[in-house]
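Next comes entry_18.cif, with mmCIF, C-alpha atoms.
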data_query
#
loop_
_atom_site.label_atom_id
_atom_site.label_comp_id
_atom_site.auth_asym_id
_atom_site.auth_seq_id
_atom_site.Cartn_x
_atom_site.Cartn_y
_atom_site.Cartn_z
CA MET U 134 0.00 0.00 0.00
CA PRO U 135 1.59 3.33 -1.03
CA LYS U 136 2.41 5.55 1.93
CA ALA U 137 0.98 8.55 0.08
CA VAL U 138 -2.51 7.07 0.41
CA LEU U 139 -2.71 7.90 4.13
CA GLU U 140 -1.25 10.73 6.15
CA LEU U 141 -1.84 12.18 9.61
CA GLN U 142 -3.55 15.58 9.62
CA ASP U 143 -4.93 18.01 12.19
CA ILE U 144 -8.62 18.75 11.65
CA GLY U 145 -11.31 20.46 13.70
CA LYS U 146 -13.01 18.59 16.53
CA PRO U 147 -16.44 17.40 15.34
CA ILE U 148 -19.52 19.04 16.85
CA PRO U 149 -22.24 16.56 17.90
CA LYS U 150 -25.79 17.06 16.64
CA GLN U 151 -28.70 17.07 19.06
CA ASN U 152 -29.02 13.26 19.04
CA GLU U 153 -25.27 12.60 19.01
CA ALA U 154 -22.47 12.16 21.51
CA LEU U 155 -18.90 13.31 21.05
CA VAL U 156 -16.64 10.35 21.85
CA LYS U 157 -12.96 10.68 22.65
CA ILE U 158 -11.62 7.57 20.95
CA TYR U 159 -9.08 5.45 22.82
CA SER U 160 -9.08 2.43 20.52
CA SER U 161 -10.09 1.86 16.89
CA THR U 162 -9.21 -0.80 14.35
CA VAL U 163 -7.77 -1.49 10.92
CA THR U 164 -9.60 -4.19 8.98
CA ALA U 165 -9.05 -5.95 5.68
CA GLY U 166 -12.19 -4.17 4.47
CA ASP U 167 -10.62 -0.79 5.22
CA CYS U 168 -7.62 -1.71 3.08
CA ARG U 169 -9.78 -2.89 0.19
CA ILE U 170 -11.64 0.43 0.16
CA ILE U 171 -8.45 2.52 0.27
CA THR U 172 -6.84 0.56 -2.57
CA PHE U 173 -10.12 -0.08 -4.46
CA ASP U 174 -9.26 -3.79 -4.36
CA PHE U 175 -12.76 -5.03 -5.19
CA ALA U 176 -13.85 -8.28 -6.80
CA ARG U 177 -14.34 -7.90 -10.55
CA TRP U 178 -18.10 -8.20 -10.34
CA PHE U 179 -18.16 -5.53 -7.59
CA TRP U 180 -15.82 -3.04 -9.32
CA LEU U 181 -18.52 -0.69 -10.67
CA PRO U 182 -20.93 -0.94 -7.68
CA GLY U 183 -17.94 -0.42 -5.38
CA ARG U 184 -17.03 2.81 -7.15
CA PHE U 185 -20.59 4.10 -6.80
CA ILE U 186 -20.73 3.19 -3.12
CA PHE U 187 -17.25 4.09 -1.94
CA GLY U 188 -16.12 6.79 -4.38
CA PHE U 189 -14.76 6.90 -7.93
CA ASN U 190 -11.27 8.34 -7.51
CA LYS U 191 -10.89 8.23 -3.74
CA PRO U 192 -13.00 7.20 -0.71
CA ARG U 193 -15.94 9.53 -0.07
CA ARG U 194 -14.74 10.12 3.47
CA ASN U 195 -11.18 11.06 4.29
CA ILE U 196 -10.94 9.29 7.67
CA PRO U 197 -10.97 5.48 7.62
CA GLY U 198 -12.14 3.06 10.30
CA TRP U 199 -15.47 1.71 11.56
CA GLU U 200 -14.96 0.22 15.02
CA PHE U 201 -14.11 2.20 18.14
CA ALA U 202 -14.18 2.41 21.92
CA GLY U 203 -13.79 5.49 24.07
CA GLN U 204 -15.34 7.95 26.51
CA ILE U 205 -18.14 10.45 25.96
CA GLU U 206 -16.89 14.03 26.19
CA SER U 207 -20.08 15.92 25.37
CA ILE U 208 -23.68 15.17 24.32
CA GLY U 209 -26.40 16.80 22.25
CA LYS U 210 -29.59 18.12 23.82
CA LYS U 211 -31.71 15.15 22.73
CA VAL U 212 -29.39 12.38 23.95
CA LYS U 213 -31.35 10.37 26.53
CA HIS U 214 -29.41 7.22 27.40
CA PHE U 215 -25.81 8.38 27.85
CA ASN U 216 -23.99 10.95 29.93
CA ILE U 217 -20.67 12.76 29.81
CA GLY U 218 -17.96 10.42 31.09
CA ASP U 219 -19.66 7.18 30.00
CA LYS U 220 -17.37 4.54 28.50
CA VAL U 221 -18.74 3.20 25.23
CA PHE U 222 -17.98 1.24 22.08
CA GLY U 223 -19.69 0.81 18.76
CA TYR U 224 -19.71 0.62 15.00
CA ALA U 225 -19.80 3.85 12.99
CA SER U 226 -21.25 2.71 9.69
CA GLY U 227 -21.61 4.94 6.69
CA ILE U 228 -20.69 5.34 3.04
CA SER U 229 -17.00 4.54 2.57
CA PHE U 230 -15.80 4.85 6.18
CA GLY U 231 -17.09 5.49 9.68
CA SER U 232 -14.20 7.87 10.46
CA THR U 233 -13.02 6.17 13.65
CA ASN U 234 -9.24 6.28 13.09
CA ALA U 235 -9.19 9.67 14.79
CA GLU U 236 -9.09 11.29 18.21
CA TYR U 237 -12.79 12.19 18.27
CA LEU U 238 -16.02 10.96 16.73
CA ALA U 239 -19.53 12.49 16.75
CA ILE U 240 -22.04 9.65 16.53
CA SER U 241 -25.73 8.95 17.15
CA GLU U 242 -26.45 7.57 20.60
CA ASN U 243 -28.33 4.60 19.14
CA ARG U 244 -25.02 3.33 17.80
CA LEU U 245 -23.36 3.25 21.22
CA VAL U 246 -23.10 0.45 23.76
CA ALA U 247 -21.92 1.03 27.32
CA ILE U 248 -18.90 -0.81 28.74
CA ASP U 249 -17.56 -1.38 32.24
CA LEU U 250 -13.78 -1.10 32.13
CA ASP U 251 -13.52 -3.47 35.09
CA LYS U 252 -14.98 -6.18 32.86
CA ILE U 253 -13.81 -5.33 29.35
CA GLY U 254 -11.13 -2.93 28.17
CA TYR U 255 -11.25 -0.39 25.37
CA GLU U 256 -9.03 -2.58 23.19
CA GLU U 257 -11.22 -5.67 23.53
CA ALA U 258 -14.45 -3.73 23.04
CA SER U 259 -13.22 -1.95 19.93
CA VAL U 260 -12.61 -5.21 18.02
CA LEU U 261 -16.03 -6.75 18.69
CA PRO U 262 -18.29 -5.05 16.12
CA ILE U 263 -17.06 -6.16 12.69
CA GLY U 264 -15.54 -9.59 13.29
CA GLY U 265 -17.88 -10.50 16.14
CA LEU U 266 -21.10 -9.34 14.50
CA THR U 267 -20.19 -10.98 11.20
CA ALA U 268 -19.42 -14.35 12.77
CA LEU U 269 -22.55 -14.23 14.94
CA HIS U 270 -24.74 -13.28 11.97
CA PHE U 271 -23.60 -16.15 9.76
CA LEU U 272 -23.69 -18.80 12.48
CA ARG U 273 -27.20 -17.78 13.38
CA LYS U 274 -28.23 -17.83 9.71
CA ALA U 275 -26.88 -21.37 9.42
CA LYS U 276 -28.55 -22.34 12.72
CA VAL U 277 -25.33 -23.95 13.92
CA LYS U 278 -26.11 -26.29 16.80
CA LYS U 279 -24.86 -29.13 18.95
CA GLY U 280 -23.75 -32.23 17.07
CA GLN U 281 -22.99 -30.54 13.78
CA LYS U 282 -19.64 -30.67 12.02
CA MET U 283 -18.40 -27.26 10.90
CA LEU U 284 -15.29 -26.25 8.95
CA ILE U 285 -14.02 -22.67 9.25
CA TYR U 286 -11.63 -21.48 6.55
CA GLY U 287 -9.46 -18.56 7.66
CA ALA U 288 -9.85 -19.49 11.32
CA SER U 289 -7.07 -17.19 12.56
CA GLY U 290 -8.52 -13.97 11.13
CA SER U 291 -10.87 -11.53 12.81
CA VAL U 292 -14.12 -13.20 11.71
CA GLY U 293 -12.52 -16.65 11.95
CA THR U 294 -11.38 -16.39 15.56
CA TYR U 295 -14.87 -15.35 16.63
CA ALA U 296 -16.49 -18.01 14.45
CA VAL U 297 -14.43 -20.80 16.05
CA GLN U 298 -15.40 -19.69 19.55
CA LEU U 299 -19.07 -19.10 18.78
CA ALA U 300 -19.40 -22.41 16.92
CA LYS U 301 -17.99 -24.24 19.95
CA TYR U 302 -20.31 -22.27 22.23
CA PHE U 303 -23.25 -23.37 20.08
CA GLY U 304 -22.09 -26.99 20.39
CA ALA U 305 -20.55 -27.76 16.99
CA GLU U 306 -17.46 -29.84 16.26
CA VAL U 307 -15.03 -27.44 14.62
CA THR U 308 -12.36 -28.09 12.02
CA ALA U 309 -10.21 -24.97 11.57
CA VAL U 310 -8.21 -24.19 8.44
CA CYS U 311 -5.31 -21.75 8.87
CA SER U 312 -1.52 -21.65 8.67
CA ARG U 313 0.46 -23.98 10.93
CA LYS U 314 2.04 -21.10 12.84
CA ASN U 315 -1.42 -20.22 14.16
CA PHE U 316 -2.38 -23.75 15.24
CA ASP U 317 -1.72 -23.18 18.95
CA LEU U 318 -3.83 -20.03 19.03
CA VAL U 319 -6.77 -21.53 17.16
CA LYS U 320 -6.59 -24.71 19.26
CA SER U 321 -6.78 -22.54 22.39
CA LEU U 322 -9.98 -20.99 21.02
CA GLY U 323 -11.62 -24.42 20.96
CA ALA U 324 -10.97 -25.93 17.52
CA ASP U 325 -11.22 -29.72 17.54
CA TYR U 326 -9.21 -30.37 14.36
CA LEU U 327 -6.67 -28.27 12.50
CA ILE U 328 -5.68 -28.19 8.82
CA ASP U 329 -2.74 -26.28 7.36
CA TYR U 330 -4.09 -24.77 4.16
CA ARG U 331 -0.59 -24.63 2.70
CA LYS U 332 -0.08 -28.38 3.08
CA GLU U 333 -3.53 -29.91 2.64
CA ASP U 334 -6.64 -29.35 0.54
CA PHE U 335 -9.47 -30.14 2.96
CA THR U 336 -11.80 -31.02 0.08
CA LYS U 337 -9.69 -34.09 -0.70
CA ASN U 338 -9.62 -35.76 2.74
CA GLY U 339 -13.01 -37.44 2.44
CA GLN U 340 -14.62 -35.50 5.29
CA VAL U 341 -18.03 -33.88 4.87
CA TYR U 342 -19.49 -31.08 6.95
CA ASP U 343 -22.88 -29.68 7.86
CA VAL U 344 -21.51 -26.15 7.48
CA ILE U 345 -18.45 -24.72 5.72
CA PHE U 346 -17.69 -21.06 6.48
CA ASP U 347 -15.18 -19.24 4.27
CA THR U 348 -14.32 -16.17 6.35
CA VAL U 349 -11.65 -14.82 3.96
CA ILE U 350 -13.16 -15.36 0.48
CA LYS U 351 -10.45 -17.81 -0.54
CA THR U 352 -12.58 -20.80 -1.54
CA SER U 353 -15.82 -21.23 -3.47
CA PHE U 354 -18.98 -23.31 -3.26
CA SER U 355 -17.95 -25.15 -6.43
CA HIS U 356 -14.64 -26.15 -4.84
CA CYS U 357 -16.26 -27.21 -1.57
CA VAL U 358 -19.49 -28.77 -2.83
CA ASP U 359 -18.41 -32.41 -2.37
CA SER U 360 -17.36 -31.67 1.22
CA ILE U 361 -20.82 -30.35 2.15
CA LYS U 362 -23.46 -32.78 3.35
CA GLN U 363 -26.86 -32.99 1.72
CA LYS U 364 -28.93 -30.13 3.16
CA GLY U 365 -25.64 -28.61 4.26
CA ILE U 366 -24.70 -24.93 4.07
CA TYR U 367 -21.85 -22.95 2.57
CA LEU U 368 -21.26 -19.56 4.22
CA THR U 369 -19.24 -16.87 2.48
CA LEU U 370 -18.42 -13.19 2.89
CA ASP U 371 -18.49 -12.93 -0.90
CA TRP U 372 -21.72 -12.16 -2.81
CA PRO U 373 -22.31 -15.05 -5.29
CA ILE U 374 -25.91 -14.00 -5.92
CA ILE U 375 -26.61 -15.86 -9.15
CA GLN U 376 -24.90 -19.05 -7.98
CA ALA U 377 -26.81 -18.97 -4.69
CA ILE U 378 -30.13 -18.76 -6.55
CA TRP U 379 -29.15 -21.59 -8.92
CA VAL U 380 -28.02 -23.83 -6.05
CA SER U 381 -31.25 -23.22 -4.15
CA LEU U 382 -33.24 -24.36 -7.23
CA THR U 383 -31.14 -27.40 -8.14
CA SER U 384 -29.73 -28.78 -4.89
CA THR U 385 -30.58 -29.58 -1.30
CA LYS U 386 -27.48 -27.61 -0.34
CA LYS U 387 -27.53 -23.88 0.30
CA ILE U 388 -25.28 -20.83 -0.04
CA ILE U 389 -25.66 -18.05 2.51
CA PHE U 390 -23.93 -14.74 1.86
CA GLY U 391 -24.32 -11.08 2.70
CA SER U 392 -23.30 -8.83 5.57
CA ALA U 393 -24.28 -8.50 9.20
CA ALA U 394 -26.58 -5.76 10.50
CA ASP U 395 -24.90 -3.71 13.21
CA LYS U 396 -27.50 -4.15 15.94
CA ALA U 397 -26.80 -2.73 19.39
CA ASP U 398 -28.53 -5.75 20.98
CA ASP U 399 -26.08 -8.09 19.27
CA LEU U 400 -23.14 -6.00 20.48
CA VAL U 401 -24.50 -6.27 24.03
CA TYR U 402 -24.77 -10.04 23.54
CA LEU U 403 -21.14 -10.27 22.40
CA ARG U 404 -19.97 -7.98 25.19
CA LYS U 405 -21.60 -10.26 27.77
CA LEU U 406 -19.91 -13.32 26.25
CA VAL U 407 -16.54 -11.58 26.67
CA GLU U 408 -17.35 -10.46 30.21
CA ASN U 409 -18.25 -14.06 31.11
CA ASN U 410 -15.05 -15.45 29.54
CA ILE U 411 -17.00 -17.42 26.94
CA ILE U 412 -15.23 -15.77 24.01
CA LYS U 413 -12.11 -13.63 23.89
CA PRO U 414 -11.12 -11.07 21.26
CA VAL U 415 -7.78 -11.80 19.60
CA ILE U 416 -5.50 -8.80 19.09
CA ASP U 417 -2.46 -9.20 16.87
CA ARG U 418 -0.79 -5.79 17.07
CA SER U 419 -1.36 -2.31 18.44
CA TYR U 420 -0.15 0.92 16.82
CA PRO U 421 -0.32 4.53 18.03
CA LEU U 422 -2.39 6.87 15.87
CA ASP U 423 0.70 8.54 14.42
CA GLU U 424 1.77 5.12 13.05
CA ALA U 425 -1.56 4.39 11.35
CA VAL U 426 0.11 4.10 7.93
CA ALA U 427 2.25 1.23 9.24
CA ALA U 428 -0.87 -0.44 10.66
CA TYR U 429 -2.58 -0.30 7.26
CA GLU U 430 0.49 -1.59 5.47
CA TYR U 431 0.67 -4.54 7.86
CA VAL U 432 -3.02 -5.45 7.49
CA ASN U 433 -2.80 -5.05 3.72
CA GLU U 434 -0.16 -7.82 3.64
CA GLY U 435 -2.96 -10.25 4.48
CA HIS U 436 -1.37 -12.16 7.34
CA LYS U 437 -2.77 -10.53 10.47
CA VAL U 438 -4.01 -12.77 13.26
CA GLY U 439 -7.32 -11.68 14.75
CA ASN U 440 -7.43 -7.90 14.93
CA VAL U 441 -5.15 -4.88 14.60
CA ILE U 442 -5.87 -1.79 16.68
CA ILE U 443 -4.90 1.87 16.73
CA MET U 444 -4.55 3.43 20.17
CA ASN U 445 -4.88 7.07 21.21
CA GLN U 446 -3.05 7.95 24.39
#
Starting from the file, give its structure as structure tokens.
Amino acid sequence: MPKAVLELQDIGKPIPKQNEALVKIYSSTVTAGDCRIITFDFARWFWLPGRFIFGFNKPRRNIPGWEFAGQIESIGKKVKHFNIGDKVFGYASGISFGSTNAEYLAISENRLVAIDLDKIGYEEASVLPIGGLTALHFLRKAKVKKGQKMLIYGASGSVGTYAVQLAKYFGAEVTAVCSRKNFDLVKSLGADYLIDYRKEDFTKNGQVYDVIFDTVIKTSFSHCVDSIKQKGIYLTLDWPIIQAIWVSLTSTKKIIFGSAADKADDLVYLRKLVENNIIKPVIDRSYPLDEAVAAYEYVNEGHKVGNVIIMNQ
């Protein structure tokens, strides 16, 4: 990623609207999605829609980042559920970016969730929304339950680390596909079996699964079809719309794709799982805000484990 793409600048502090809170951000994240937007690295079928959505020559918003955690510094007149000094986290969705890789963020109160720093830190809270919500959404869509066999491809990434833990929590037997250097980590998250994607093609080992979840868009339904049981499900972060329709008409198997809704209730659910030591966020590296370019370059290499955060002191 060219260094000229990102640079640190001083800008004015945002002013919250009547229904917004001004949050002093202590922790935000860098995701693979952020990097794809900055470099316009879209799938071929999504190239034109991506330009309409995210901007033709550059991202519509200048400040990247979606996830955050911090403390409320001021509130608008119509804010009802939060007060100055409250510790919060959330997901600042919007066209192109949510603008969270910054010192301050003005955001609607309905996008905030309270945290107790004695139970969960800013760093842990800030990495819950994207990876956690995505994993939870897809596992719920697939109705993953006790006794099922599930394979998770990309098990050491942000979505993957949450998917392994949630699948085990829901009672499934989990086979995790990742690089060998991440075996110990993924095993500690609960994976029952491990496959090194560099050494073995899981579709050739004769095993079949109720659910296969590609969390990194590196496989395809066509490649995995023989490893999916009848009435089984293939989950993907890609958008194979036409193929999904065709499969639903011609097979007992099913493709589920799409994106997760950022519901505050689901963030509360995930926060409680962390507080009760049922799941744990995985953080690879932490960078100060003035080293954000280095953080993006690292994530863009495609080998991060779990999540990468940017901290404001």
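Across U:Asp249, U:Arg169, U:Leu403, U:Glu242, the tightest approach to U:Asn216 is made by U:Glu242 when counting all atoms listed in the file.
Interatomic distance, atom CA of U:Gln204 against atom CA of U:Ala296: 28.6 Å.
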*Could you expand the PyMOL selection byres ((chain U and resi 318-333) around 12) into the explicit residues it covers here, written as a VMD selection string?*
chain U and resid 282 to 291 293 to 317 334 to 338 340 351 to 352 410 to 417 438 to 439
_Polymer residues at most 8 Å from (2.3, 6.2, 8.8) by all atoms listed in the file, as a ChimeraX atom specification_ = /U:136,139-141,423-428
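Candidate residues U:Gln142, U:Thr385, U:Ser232, U:Thr348 were compared for distance to U:Val156, and the nearest is U:Ser232, using only C-alpha atoms.
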*Kindly extract all protein, DNA and RNA residues lying within 12 Å of the coordinates (-25.3, -6.5, 14.7) given in the file, considering all atoms listed in the file, and supply them as an MDAnalysis selection string.*
chainID U and resid 223:226 244:246 261:271 273 392:404
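For the pair atom CA of U:Ile375 and atom CA of U:Gln363, the interatomic distance is 20.3 Å.
Atom to atom, atom CA of U:Gly198 and atom CA of U:Tyr429 stand 10.6 Å apart.
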Could you give me the centre and size, in Å to one decimal, of an axis-aligned box around all listed atoms of stretch 426-429 of chain U with 3 Å added on every side, as AutoDock Vina command-line options?
--center_x -0.2 --center_y 1.8 --center_z 9.0 --size_x 10.8 --size_y 10.5 --size_z 9.4
_Result set of the PyMOL selection byres ((chain U and resi 370) around 6) on the coordinates above, as a list of chain:residue names_ = U:Thr369, U:Asp371, U:Phe390
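Minimum atom-to-atom distance to U:Ser241, evaluated using all atoms listed in the file, belongs to U:Glu153 out of U:Asp359, U:Glu206, U:Glu200, U:Glu153.
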_At a cut-off of 10 Å, using all atoms listed in the file, what residues contact U:Val344? Leave out same-chain residues fewer than 5 positions from it and give the result as a ChimeraX atom specification._
/U:272,275-277,281-285,305,307,360-362,364-368,386-388
*Enumerate, as a list in words, the residues matched when the PyMOL selection byres ((chain U and resi 154) around 6) is run on the file above.*
Pro149, Glu153, Leu155, Ser207, Ile208, Ala239 and Ile240 of chain U
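Closest approach to U:Val163 from the set U:Pro373, U:Gly209, U:Gly435, U:Gly280 is made by U:Gly435, with distances taken over all atoms listed in the file.
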